[in-house]
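S.K.: Contents of structure.txt (compact mmCIF, C-alpha atoms):
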```txt
# COMPACT_ATOMS: atom_id res chain seq x y z
CA MET A 179 -28.08 54.15 46.35
CA ARG A 180 -25.78 57.10 46.92
CA THR A 181 -28.50 58.91 48.77
CA HIS A 182 -29.24 55.96 50.98
CA PRO A 183 -28.01 56.73 54.48
CA LEU A 184 -27.07 53.14 55.10
CA ARG A 185 -24.35 53.03 52.48
CA ARG A 186 -24.94 49.74 50.79
CA ILE A 187 -22.18 48.64 48.49
CA VAL A 188 -22.60 45.93 45.91
CA LEU A 189 -19.25 44.23 45.70
CA SER A 190 -19.80 41.77 42.90
CA ALA A 191 -21.81 42.15 39.78
CA ALA A 192 -21.66 38.46 38.85
CA ALA A 193 -24.94 37.08 37.61
CA THR A 194 -25.60 34.60 40.36
CA VAL A 195 -23.78 36.11 43.28
CA THR A 196 -24.64 39.23 45.17
CA GLY A 197 -22.28 40.59 47.73
CA VAL A 198 -23.09 43.36 50.12
CA VAL A 199 -20.85 44.88 52.71
CA LEU A 200 -22.28 46.77 55.60
CA LEU A 201 -20.61 48.64 58.36
CA LEU A 202 -22.48 48.53 61.59
CA SER A 203 -21.43 49.52 65.02
CA LEU A 204 -22.31 46.26 66.73
CA LYS A 205 -19.48 44.97 68.78
CA PRO A 206 -17.69 41.87 67.57
CA HIS A 207 -19.07 38.84 69.34
CA ALA A 208 -15.92 38.31 71.29
CA GLN A 209 -15.91 41.48 73.28
CA HIS A 210 -19.21 41.33 74.99
CA GLN A 211 -19.45 38.99 77.82
CA SER A 212 -16.04 39.60 79.12
CA VAL A 213 -15.05 42.50 81.25
CA ALA A 214 -13.06 43.75 78.28
CA GLN A 215 -14.96 46.99 78.41
CA GLN A 216 -13.02 47.79 81.50
CA ASN A 217 -9.80 47.28 79.62
CA PRO A 218 -9.26 50.10 77.17
CA ASN A 219 -5.98 48.64 75.96
CA GLN A 220 -7.59 46.03 73.78
CA GLY A 221 -8.51 46.51 70.17
CA PRO A 222 -8.37 49.47 67.88
CA SER A 223 -9.43 52.83 69.11
CA PRO A 224 -13.05 53.62 68.36
CA THR A 225 -12.02 57.17 67.66
CA ALA A 226 -10.29 56.49 64.35
CA ALA A 227 -10.87 59.31 61.95
CA GLY A 228 -10.42 59.58 58.21
CA SER A 229 -8.05 62.01 56.56
CA ALA A 230 -8.35 63.66 53.22
CA PRO A 231 -8.56 61.40 50.17
CA SER A 232 -5.35 60.62 48.37
CA ALA A 233 -4.65 62.53 45.21
CA SER A 234 -4.36 59.33 43.19
CA ALA A 235 -7.90 58.26 43.85
CA GLY A 236 -9.83 57.11 40.85
CA SER A 237 -7.12 56.64 38.26
CA THR A 238 -8.34 54.76 35.21
CA SER A 239 -6.62 52.64 32.58
CA GLY A 240 -8.51 50.61 30.00
CA GLY A 241 -11.53 49.64 32.12
CA VAL A 242 -9.33 48.89 35.09
CA ARG A 243 -9.17 51.58 37.70
CA THR A 244 -7.78 51.99 41.16
CA VAL A 245 -9.32 53.91 44.00
CA ASP A 246 -7.50 54.78 47.20
CA GLY A 247 -9.29 54.71 50.50
CA ASP A 248 -8.88 57.27 53.21
CA THR A 249 -5.91 57.00 55.53
CA ILE A 250 -7.44 55.89 58.81
CA GLN A 251 -5.67 56.66 62.06
CA THR A 252 -5.94 53.80 64.51
CA ARG A 253 -4.21 53.35 67.80
CA PHE A 254 -1.89 51.00 65.93
CA GLY A 255 -1.03 53.66 63.36
CA PRO A 256 -2.30 54.67 59.92
CA VAL A 257 -4.06 52.19 57.65
CA GLN A 258 -4.84 52.79 54.00
CA VAL A 259 -5.93 50.46 51.23
CA ARG A 260 -6.28 50.76 47.45
CA ILE A 261 -8.85 48.81 45.50
CA THR A 262 -8.53 47.82 41.87
CA LEU A 263 -11.74 47.51 39.90
CA THR A 264 -12.37 45.94 36.54
CA GLY A 265 -15.71 47.34 35.58
CA SER A 266 -17.64 47.21 38.83
CA LYS A 267 -15.88 44.14 40.21
CA ILE A 268 -13.11 44.39 42.75
CA THR A 269 -10.12 42.47 41.47
CA ALA A 270 -7.51 43.46 44.04
CA VAL A 271 -7.10 45.10 47.39
CA THR A 272 -3.67 46.54 48.06
CA VAL A 273 -2.56 47.68 51.46
CA LEU A 274 -0.77 51.01 51.07
CA GLN A 275 -0.15 51.72 54.73
CA VAL A 276 -0.22 49.47 57.72
CA PRO A 277 1.16 49.90 61.23
CA ASP A 278 4.67 48.52 61.51
CA GLU A 279 5.35 48.77 65.19
CA ASN A 280 6.62 45.92 67.23
CA GLY A 281 4.85 43.33 69.27
CA ARG A 282 1.16 43.02 69.52
CA ASP A 283 0.35 45.79 67.11
CA GLN A 284 2.35 44.21 64.36
CA GLU A 285 0.85 40.87 65.14
CA VAL A 286 -2.62 42.32 64.82
CA ALA A 287 -1.77 44.02 61.56
CA GLU A 288 -0.08 41.00 60.02
CA PHE A 289 -2.85 38.77 61.11
CA SER A 290 -5.79 40.79 60.04
CA VAL A 291 -4.74 42.35 56.80
CA PRO A 292 -4.15 39.24 54.67
CA GLN A 293 -7.42 37.78 55.79
CA LEU A 294 -9.31 40.95 55.19
CA THR A 295 -7.80 41.17 51.76
CA GLN A 296 -8.74 37.62 51.10
CA GLU A 297 -12.26 38.23 52.25
CA ALA A 298 -12.61 41.29 50.09
CA LEU A 299 -11.61 39.19 47.13
CA ASP A 300 -14.29 36.67 47.99
CA ALA A 301 -11.79 34.02 48.98
CA GLN A 302 -11.89 32.49 45.55
CA SER A 303 -8.43 31.01 45.61
CA ALA A 304 -8.92 27.88 47.70
CA GLY A 305 -12.41 27.11 46.52
CA ILE A 306 -13.65 28.60 49.75
CA ASP A 307 -16.80 30.63 49.75
CA THR A 308 -16.26 32.44 53.01
CA VAL A 309 -14.06 32.47 56.10
CA SER A 310 -15.01 31.91 59.72
CA GLY A 311 -12.74 33.25 62.39
CA ALA A 312 -10.48 36.13 63.02
CA THR A 313 -11.31 38.27 60.06
CA TYR A 314 -12.32 41.90 60.02
CA THR A 315 -10.06 42.67 62.90
CA SER A 316 -8.88 45.97 61.64
CA GLU A 317 -11.32 48.78 61.89
CA GLY A 318 -8.92 50.96 59.97
CA TYR A 319 -8.82 48.51 57.09
CA ILE A 320 -12.57 48.32 56.96
CA ARG A 321 -13.03 52.05 57.06
CA SER A 322 -10.42 52.66 54.42
CA LEU A 323 -11.94 49.96 52.23
CA GLN A 324 -15.38 51.42 52.76
CA SER A 325 -14.24 54.88 51.77
CA ALA A 326 -12.61 53.49 48.63
CA LEU A 327 -15.82 51.67 47.75
CA ASP A 328 -17.86 54.81 48.34
CA ARG A 329 -15.49 56.78 46.17
CA SER A 330 -15.63 54.18 43.40
CA GLY A 331 -19.31 54.89 42.93
CA GLY A 332 -20.15 51.29 43.72
CA MET B 132 -15.99 49.18 66.14
CA GLY B 133 -17.43 48.25 62.80
CA THR B 134 -18.37 44.78 61.79
CA VAL B 135 -18.66 43.78 58.16
CA PHE B 136 -21.60 41.71 57.03
CA SER B 137 -21.49 40.04 53.63
CA PHE B 138 -24.28 38.27 51.79
CA ASP B 139 -23.82 35.67 49.09
CA VAL B 140 -26.92 34.47 47.31
CA ARG B 141 -26.66 31.84 44.62
CA GLY B 142 -29.03 30.61 42.00
CA ASP B 143 -31.71 33.27 42.08
CA THR B 144 -31.11 36.97 41.98
CA GLY B 145 -34.60 37.79 40.80
CA PRO B 146 -36.90 40.46 42.20
CA ARG B 147 -37.94 38.44 45.25
CA THR B 148 -34.34 37.87 46.25
CA ARG B 149 -33.45 41.50 45.72
CA THR B 150 -36.40 42.59 47.81
CA ALA B 151 -35.39 40.16 50.52
CA LEU B 152 -31.79 41.37 50.35
CA ALA B 153 -32.95 44.93 50.90
CA ALA B 154 -35.11 43.76 53.80
CA ALA B 155 -32.26 41.79 55.35
CA THR B 156 -29.98 44.81 55.05
CA ALA B 157 -32.59 47.03 56.67
CA TRP B 158 -33.01 44.42 59.39
CA LEU B 159 -29.33 44.54 60.29
CA HIS B 160 -29.42 48.31 60.50
CA HIS B 161 -32.51 48.12 62.65
CA VAL B 162 -30.73 45.70 64.98
CA ASP B 163 -27.78 48.05 65.08
CA GLU B 164 -29.99 50.93 66.13
CA GLU B 165 -31.71 48.94 68.80
CA PHE B 166 -28.74 47.03 70.22
CA SER B 167 -25.60 49.05 69.64
CA PRO B 168 -23.89 50.03 72.90
CA TYR B 169 -22.21 52.82 70.95
CA ARG B 170 -25.49 54.57 70.24
CA THR B 171 -26.54 56.43 73.34
CA GLY B 172 -30.20 56.23 72.36
CA SER B 173 -30.28 52.50 71.68
CA GLN B 174 -32.38 50.31 73.91
CA VAL B 175 -29.30 48.46 75.09
CA SER B 176 -27.62 51.72 76.09
CA ARG B 177 -30.74 52.84 77.92
CA LEU B 178 -30.97 49.46 79.56
CA ALA B 179 -27.37 49.72 80.68
CA ARG B 180 -28.01 53.16 82.18
CA GLY B 181 -31.06 51.86 84.01
CA GLU B 182 -33.45 54.07 82.03
CA LEU B 183 -35.32 50.98 80.88
CA THR B 184 -36.07 47.78 82.71
CA PRO B 185 -35.88 44.57 80.69
CA ASP B 186 -39.69 44.39 80.71
CA GLU B 187 -39.92 47.84 79.12
CA CYS B 188 -37.72 46.87 76.19
CA SER B 189 -38.96 45.86 72.74
CA ALA B 190 -39.99 42.29 72.01
CA GLU B 191 -36.73 41.84 70.13
CA VAL B 192 -34.57 42.96 73.02
CA ARG B 193 -36.55 40.78 75.40
CA GLU B 194 -36.10 37.82 73.06
CA VAL B 195 -32.34 38.36 73.00
CA LEU B 196 -32.24 38.66 76.79
CA ARG B 197 -34.12 35.36 77.00
CA LEU B 198 -31.68 33.74 74.60
CA CYS B 199 -28.79 35.06 76.68
CA ALA B 200 -30.31 33.47 79.77
CA ASP B 201 -30.71 30.19 77.88
CA ALA B 202 -27.08 30.24 76.77
CA GLU B 203 -25.93 31.10 80.26
CA TRP B 204 -27.86 28.19 81.70
CA LEU B 205 -26.77 25.74 79.01
CA SER B 206 -23.11 26.68 79.41
CA GLY B 207 -23.15 26.58 83.18
CA GLY B 208 -22.51 30.30 83.36
CA TRP B 209 -19.58 30.35 80.95
CA PHE B 210 -21.58 32.46 78.57
CA SER B 211 -22.90 35.48 80.37
CA ALA B 212 -24.55 38.70 79.31
CA ARG B 213 -24.00 40.11 82.76
CA TYR B 214 -20.79 41.83 83.59
CA ALA B 215 -19.68 44.44 86.04
CA GLY B 216 -23.16 44.60 87.48
CA GLY B 217 -24.87 45.53 84.20
CA ILE B 218 -26.59 43.73 81.37
CA ASP B 219 -24.97 43.60 77.97
CA PRO B 220 -26.74 41.25 75.56
CA THR B 221 -24.69 42.34 72.57
CA GLY B 222 -22.60 39.18 72.71
CA LEU B 223 -25.48 37.21 71.35
CA VAL B 224 -26.95 39.79 69.05
CA LYS B 225 -24.71 39.42 66.05
CA GLY B 226 -25.28 35.69 65.62
CA TRP B 227 -28.98 36.12 66.21
CA ALA B 228 -29.26 38.97 63.70
CA VAL B 229 -27.28 37.11 61.05
CA GLU B 230 -29.31 33.95 61.53
CA ARG B 231 -32.52 35.88 60.97
CA ALA B 232 -31.15 37.82 58.00
CA ALA B 233 -30.17 34.56 56.30
CA ALA B 234 -33.59 33.09 57.02
CA MET B 235 -35.25 36.11 55.39
CA LEU B 236 -33.37 35.43 52.18
CA HIS B 237 -33.92 31.69 52.26
CA SER B 238 -37.62 31.95 52.94
CA ALA B 239 -37.95 34.37 50.02
CA GLY B 240 -36.89 31.54 47.75
CA ALA B 241 -33.15 31.98 47.44
CA PRO B 242 -31.88 28.40 47.20
CA ALA B 243 -28.36 28.97 48.51
CA VAL B 244 -27.62 31.67 51.06
CA CYS B 245 -24.43 32.54 52.95
CA VAL B 246 -24.37 35.43 55.38
CA ASN B 247 -21.10 36.22 57.13
CA GLY B 248 -21.13 38.63 60.05
CA GLY B 249 -17.63 39.42 61.18
CA GLY B 250 -16.41 35.88 60.67
CA ASP B 251 -19.50 34.05 61.90
CA VAL B 252 -21.48 32.39 59.17
CA GLN B 253 -25.06 31.23 58.60
CA LEU B 254 -25.69 29.01 55.60
CA HIS B 255 -28.75 27.67 53.79
CA GLY B 256 -28.66 25.34 50.83
CA GLY B 257 -25.31 24.97 49.19
CA PRO B 258 -22.92 23.53 48.61
CA TRP B 259 -20.84 25.97 50.61
CA ARG B 260 -17.25 25.67 51.75
CA VAL B 261 -16.34 27.66 54.84
CA GLY B 262 -12.67 28.04 55.60
CA VAL B 263 -11.78 28.27 59.27
CA ALA B 264 -9.06 30.86 59.79
CA ASP B 265 -5.90 29.45 61.32
CA PRO B 266 -5.36 31.51 64.47
CA LEU B 267 -1.63 30.82 64.45
CA ARG B 268 -0.79 31.24 60.77
CA PRO B 269 -1.87 34.53 59.26
CA GLY B 270 -3.97 34.13 56.17
CA ALA B 271 -4.08 30.34 56.32
CA VAL B 272 -7.07 28.09 56.71
CA VAL B 273 -6.89 25.29 59.26
CA THR B 274 -9.92 23.32 58.16
CA VAL B 275 -12.88 23.60 55.83
CA VAL B 276 -16.49 23.05 56.80
CA GLU B 277 -18.76 21.90 54.01
CA ALA B 278 -22.49 22.44 54.05
CA ARG B 279 -25.34 21.46 51.77
CA HIS B 280 -28.14 22.42 54.11
CA THR B 281 -28.88 24.82 56.94
CA LEU B 282 -25.75 25.16 59.03
CA ALA B 283 -23.95 27.79 61.07
CA VAL B 284 -20.21 28.16 61.71
CA ALA B 285 -18.90 30.40 64.48
CA THR B 286 -15.30 30.83 65.52
CA SER B 287 -14.12 32.44 68.71
CA GLY B 288 -10.59 32.91 69.87
CA PRO B 289 -8.05 35.11 71.55
CA ALA B 290 -6.36 35.78 68.22
CA GLU B 291 -9.20 37.98 67.18
CA ARG B 292 -8.66 40.81 69.61
CA GLY B 293 -6.16 39.65 72.15
CA CYS B 294 -7.22 37.35 74.93
CA HIS B 295 -10.49 39.07 75.42
CA ILE B 296 -12.78 36.27 76.44
CA LEU B 297 -12.51 36.15 80.17
CA ASP B 298 -13.75 33.62 82.63
CA PRO B 299 -16.95 35.23 83.88
CA HIS B 300 -16.32 33.64 87.25
CA THR B 301 -12.88 35.13 87.83
CA GLY B 302 -12.58 37.96 85.31
CA ALA B 303 -9.30 36.46 84.10
CA PRO B 304 -8.45 34.56 80.92
CA PRO B 305 -8.59 30.76 81.25
CA ALA B 306 -5.24 29.19 82.14
CA ASP B 307 -5.39 26.72 79.25
CA ALA B 308 -6.78 29.17 76.71
CA LEU B 309 -7.49 27.82 73.25
CA ALA B 310 -6.12 29.66 70.24
CA SER B 311 -9.55 29.33 68.68
CA VAL B 312 -12.64 27.18 68.83
CA THR B 313 -15.12 26.72 65.99
CA VAL B 314 -18.64 25.53 66.69
CA VAL B 315 -20.92 24.14 63.99
CA ALA B 316 -24.64 24.06 64.75
CA ARG B 317 -27.87 24.55 62.89
CA GLY B 318 -28.32 28.18 63.88
CA LEU B 319 -25.80 30.95 64.42
CA THR B 320 -27.36 32.24 67.63
CA ASP B 321 -26.39 28.98 69.30
CA ALA B 322 -23.12 28.41 67.46
CA ASP B 323 -21.85 31.89 68.32
CA ALA B 324 -22.83 31.77 71.98
CA TRP B 325 -21.44 28.27 72.41
CA ALA B 326 -18.14 29.15 70.74
CA THR B 327 -17.84 32.11 73.09
CA ALA B 328 -18.61 29.97 76.13
CA ALA B 329 -16.14 27.28 75.04
CA CYS B 330 -13.43 29.86 74.54
CA ALA B 331 -13.94 31.18 78.06
CA MET B 332 -13.88 27.66 79.50
CA GLY B 333 -10.38 26.82 78.35
CA ALA B 334 -9.32 23.69 76.52
CA ASP B 335 -10.08 20.88 78.92
CA ARG B 336 -13.50 21.93 80.05
CA ALA B 337 -14.55 23.03 76.57
CA ARG B 338 -13.74 19.71 74.95
CA GLY B 339 -15.92 17.67 77.27
CA TRP B 340 -18.74 20.18 77.22
CA LEU B 341 -18.85 20.41 73.43
CA GLU B 342 -18.70 16.64 73.03
CA ASP B 343 -21.78 16.28 75.21
CA LEU B 344 -23.65 19.26 73.79
CA PRO B 345 -26.59 18.18 71.61
CA GLY B 346 -26.74 19.72 68.16
CA ALA B 347 -23.17 20.97 68.14
CA GLU B 348 -19.87 19.83 66.71
CA ALA B 349 -16.62 21.61 67.26
CA PHE B 350 -13.04 22.03 66.09
CA ALA B 351 -10.35 23.68 68.20
CA VAL B 352 -6.78 24.87 67.85
CA THR B 353 -4.74 24.81 71.03
CA SER B 354 -2.25 27.47 71.96
CA GLU B 355 0.55 25.02 71.11
CA GLY B 356 -0.83 24.56 67.60
CA GLY B 357 -2.45 21.18 68.07
CA THR B 358 -6.01 20.54 67.03
CA TRP B 359 -8.91 18.46 68.26
CA GLN B 360 -12.47 17.98 67.20
CA THR B 361 -15.65 16.45 68.53
CA SER B 362 -16.49 12.96 67.35
CA GLY B 363 -19.14 14.11 64.88
CA PHE B 364 -17.20 17.01 63.38
CA ALA B 365 -15.88 14.88 60.53
CA ARG B 366 -19.33 14.83 59.01
CA THR B 367 -19.17 18.57 58.48
CA HIS B 368 -15.79 19.02 56.90
CA SER B 369 -13.73 17.91 53.98
CA GLY B 370 -11.00 15.63 55.24
CA ALA B 371 -8.29 16.85 52.94
CA ASN B 372 -7.81 20.15 54.69
CA THR B 373 -7.52 19.25 58.31
CA ALA B 374 -3.94 18.06 58.24
CA ARG B 375 -1.81 20.60 60.04
CA GLU B 376 1.78 20.78 59.03
CA ARG B 377 3.83 21.77 61.99
```
Would it be possible to restate this file's structure as structure tokens?
M.R.:
Amino acid sequence: MRTHPLRRIVLSAAATVTGVVLLLSLKPHAQHQSVAQQNPNQGPSPTAAGSAPSASAGSTSGGVRTVDGDTIQTRFGPVQVRITLTGSKITAVTVLQVPDENGRDQEVAEFSVPQLTQEALDAQSAGIDTVSGATYTSEGYIRSLQSALDRSGG
Amino acid sequence: MGTVFSFDVRGDTGPRTRTALAAATAWLHHVDEEFSPYRTGSQVSRLARGELTPDECSAEVREVLRLCADAEWLSGGWFSARYAGGIDPTGLVKGWAVERAAAMLHSAGAPAVCVNGGGDVQLHGGPWRVGVADPLRPGAVVTVVEARHTLAVATSGPAERGCHILDPHTGAPPADALASVTVVARGLTDADAWATAACAMGADRARGWLEDLPGAEAFAVTSEGGTWQTSGFARTHSGANTARER
């Protein structure tokens, strides 16, 4: 799988559930039909770039390990997440860095991060299998999460 | 801009399902290569630059262009793949691609399939419980859609990326913009396009249109935090979760 150019990541190793996360460059459905392409002030910058991995990546303690994702620069500021794995299963996603500016940026960050975290944890808490709506808003979150998953050897 | 796609398959993770999962994954990447406006060599990019005419595109691109025209007609022009003089069918592609990916898994024998593409969901079998994100309360769920058969749930709203869905007639956001609108239909191609159209319409027009639209039920959150739903929506959700405490 590591040599596969498409970077498939199996999130859950549970016997009857298979989770796969993909990162594609399709636009979110909302952007298309509008003239939003003429408005560069909406949404995260597509030019976000990863920085070097954190030194604490891959620490292990009794079958539970944490892996830090890259710090991703977005137009809202840096975003970085840490995943906690028990065996091969993700048990927590912690946001290490998130933009804390005022106004819209903060709103975007506050809005997207909890839902992304929830989604990454498979939304088990409320007996909900999945979430429809404004998830996955933060490109930086996704990229950082993806880099952590890649680094975890998933 | 990345979009995350997640697959949940219940009840059968045998070889056929795993083969189908690999095929569905490859399918999504194929769609990405063909339709991404961020890939200069994609058919959609070439179409946008005028290097290809619609007739010269692949059967898949032509199918999506046809579906876009259908959605535009059905929504009275409120869904449109045409903007600024060009053609951009990518608004419909994600729902279409997810619908087909889910069908690949289901037809391979997987009894319960849930594919979520960036918050738009195609289901087969079940039972499944789909939380609808509350656009006004971060992390909260405003209602839950339950499914035990083939069903799609698409949510569109300004909360996702700012008020991005513009009235294709005026190029401006609707005056009575909804915070979000969720459309439930059998297939995600339709549900996604219809949710987008409804969002562009604004609250008043959307409510009447969705009520009359065959094969669709809908749930909406207004910008003031109120909610409404079409008369048949109750059949798709669990009543306990729709109460909104405000």
S.K.: Would you mind telling me which residue in A:Ser325, A:Gln275, A:Gln258, A:Thr308 lies nearest to chain B when using only C-alpha atoms?
M.R.: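 That would be A:Thr308, the residue with the smallest distance to chain B.
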S.K.: Do you have the atom CA of Ala316 of chain B-atom CA of Thr361 of chain B distance handy?
M.R.: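 So the answer is 12.4 Å.
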S.K.: I'd like to know which of A:Thr244, A:Gln251, A:Thr272, A:Ser310 is closest to chain B, using only C-alpha atoms.
M.R.: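 Smallest separation from chain B among the options: A:Ser310.
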S.K.: Rounded to one decimal in Å, what is the spacing between atom CA of Trp158 of chain B and atom CA of Ser311 of chain B?
M.R.: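 Distance reported for this atom pair: 29.4 Å.
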S.K.: Let me make sure I understand: among A:Val309, A:Val271, A:Val259, A:Val242, which one has the smallest atom-to-atom distance to Val273 of chain B if we use only C-alpha atoms?
M.R.: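 The answer is A:Val309, which sits nearest to Val273 of chain B.
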S.K.: Identify which of the residues B:Ser206, B:Asn247, B:Thr184, B:Thr150 lies closest to chain A, counting only C-alpha atoms when measuring atom-to-atom distances.
M.R.: B:Asn247
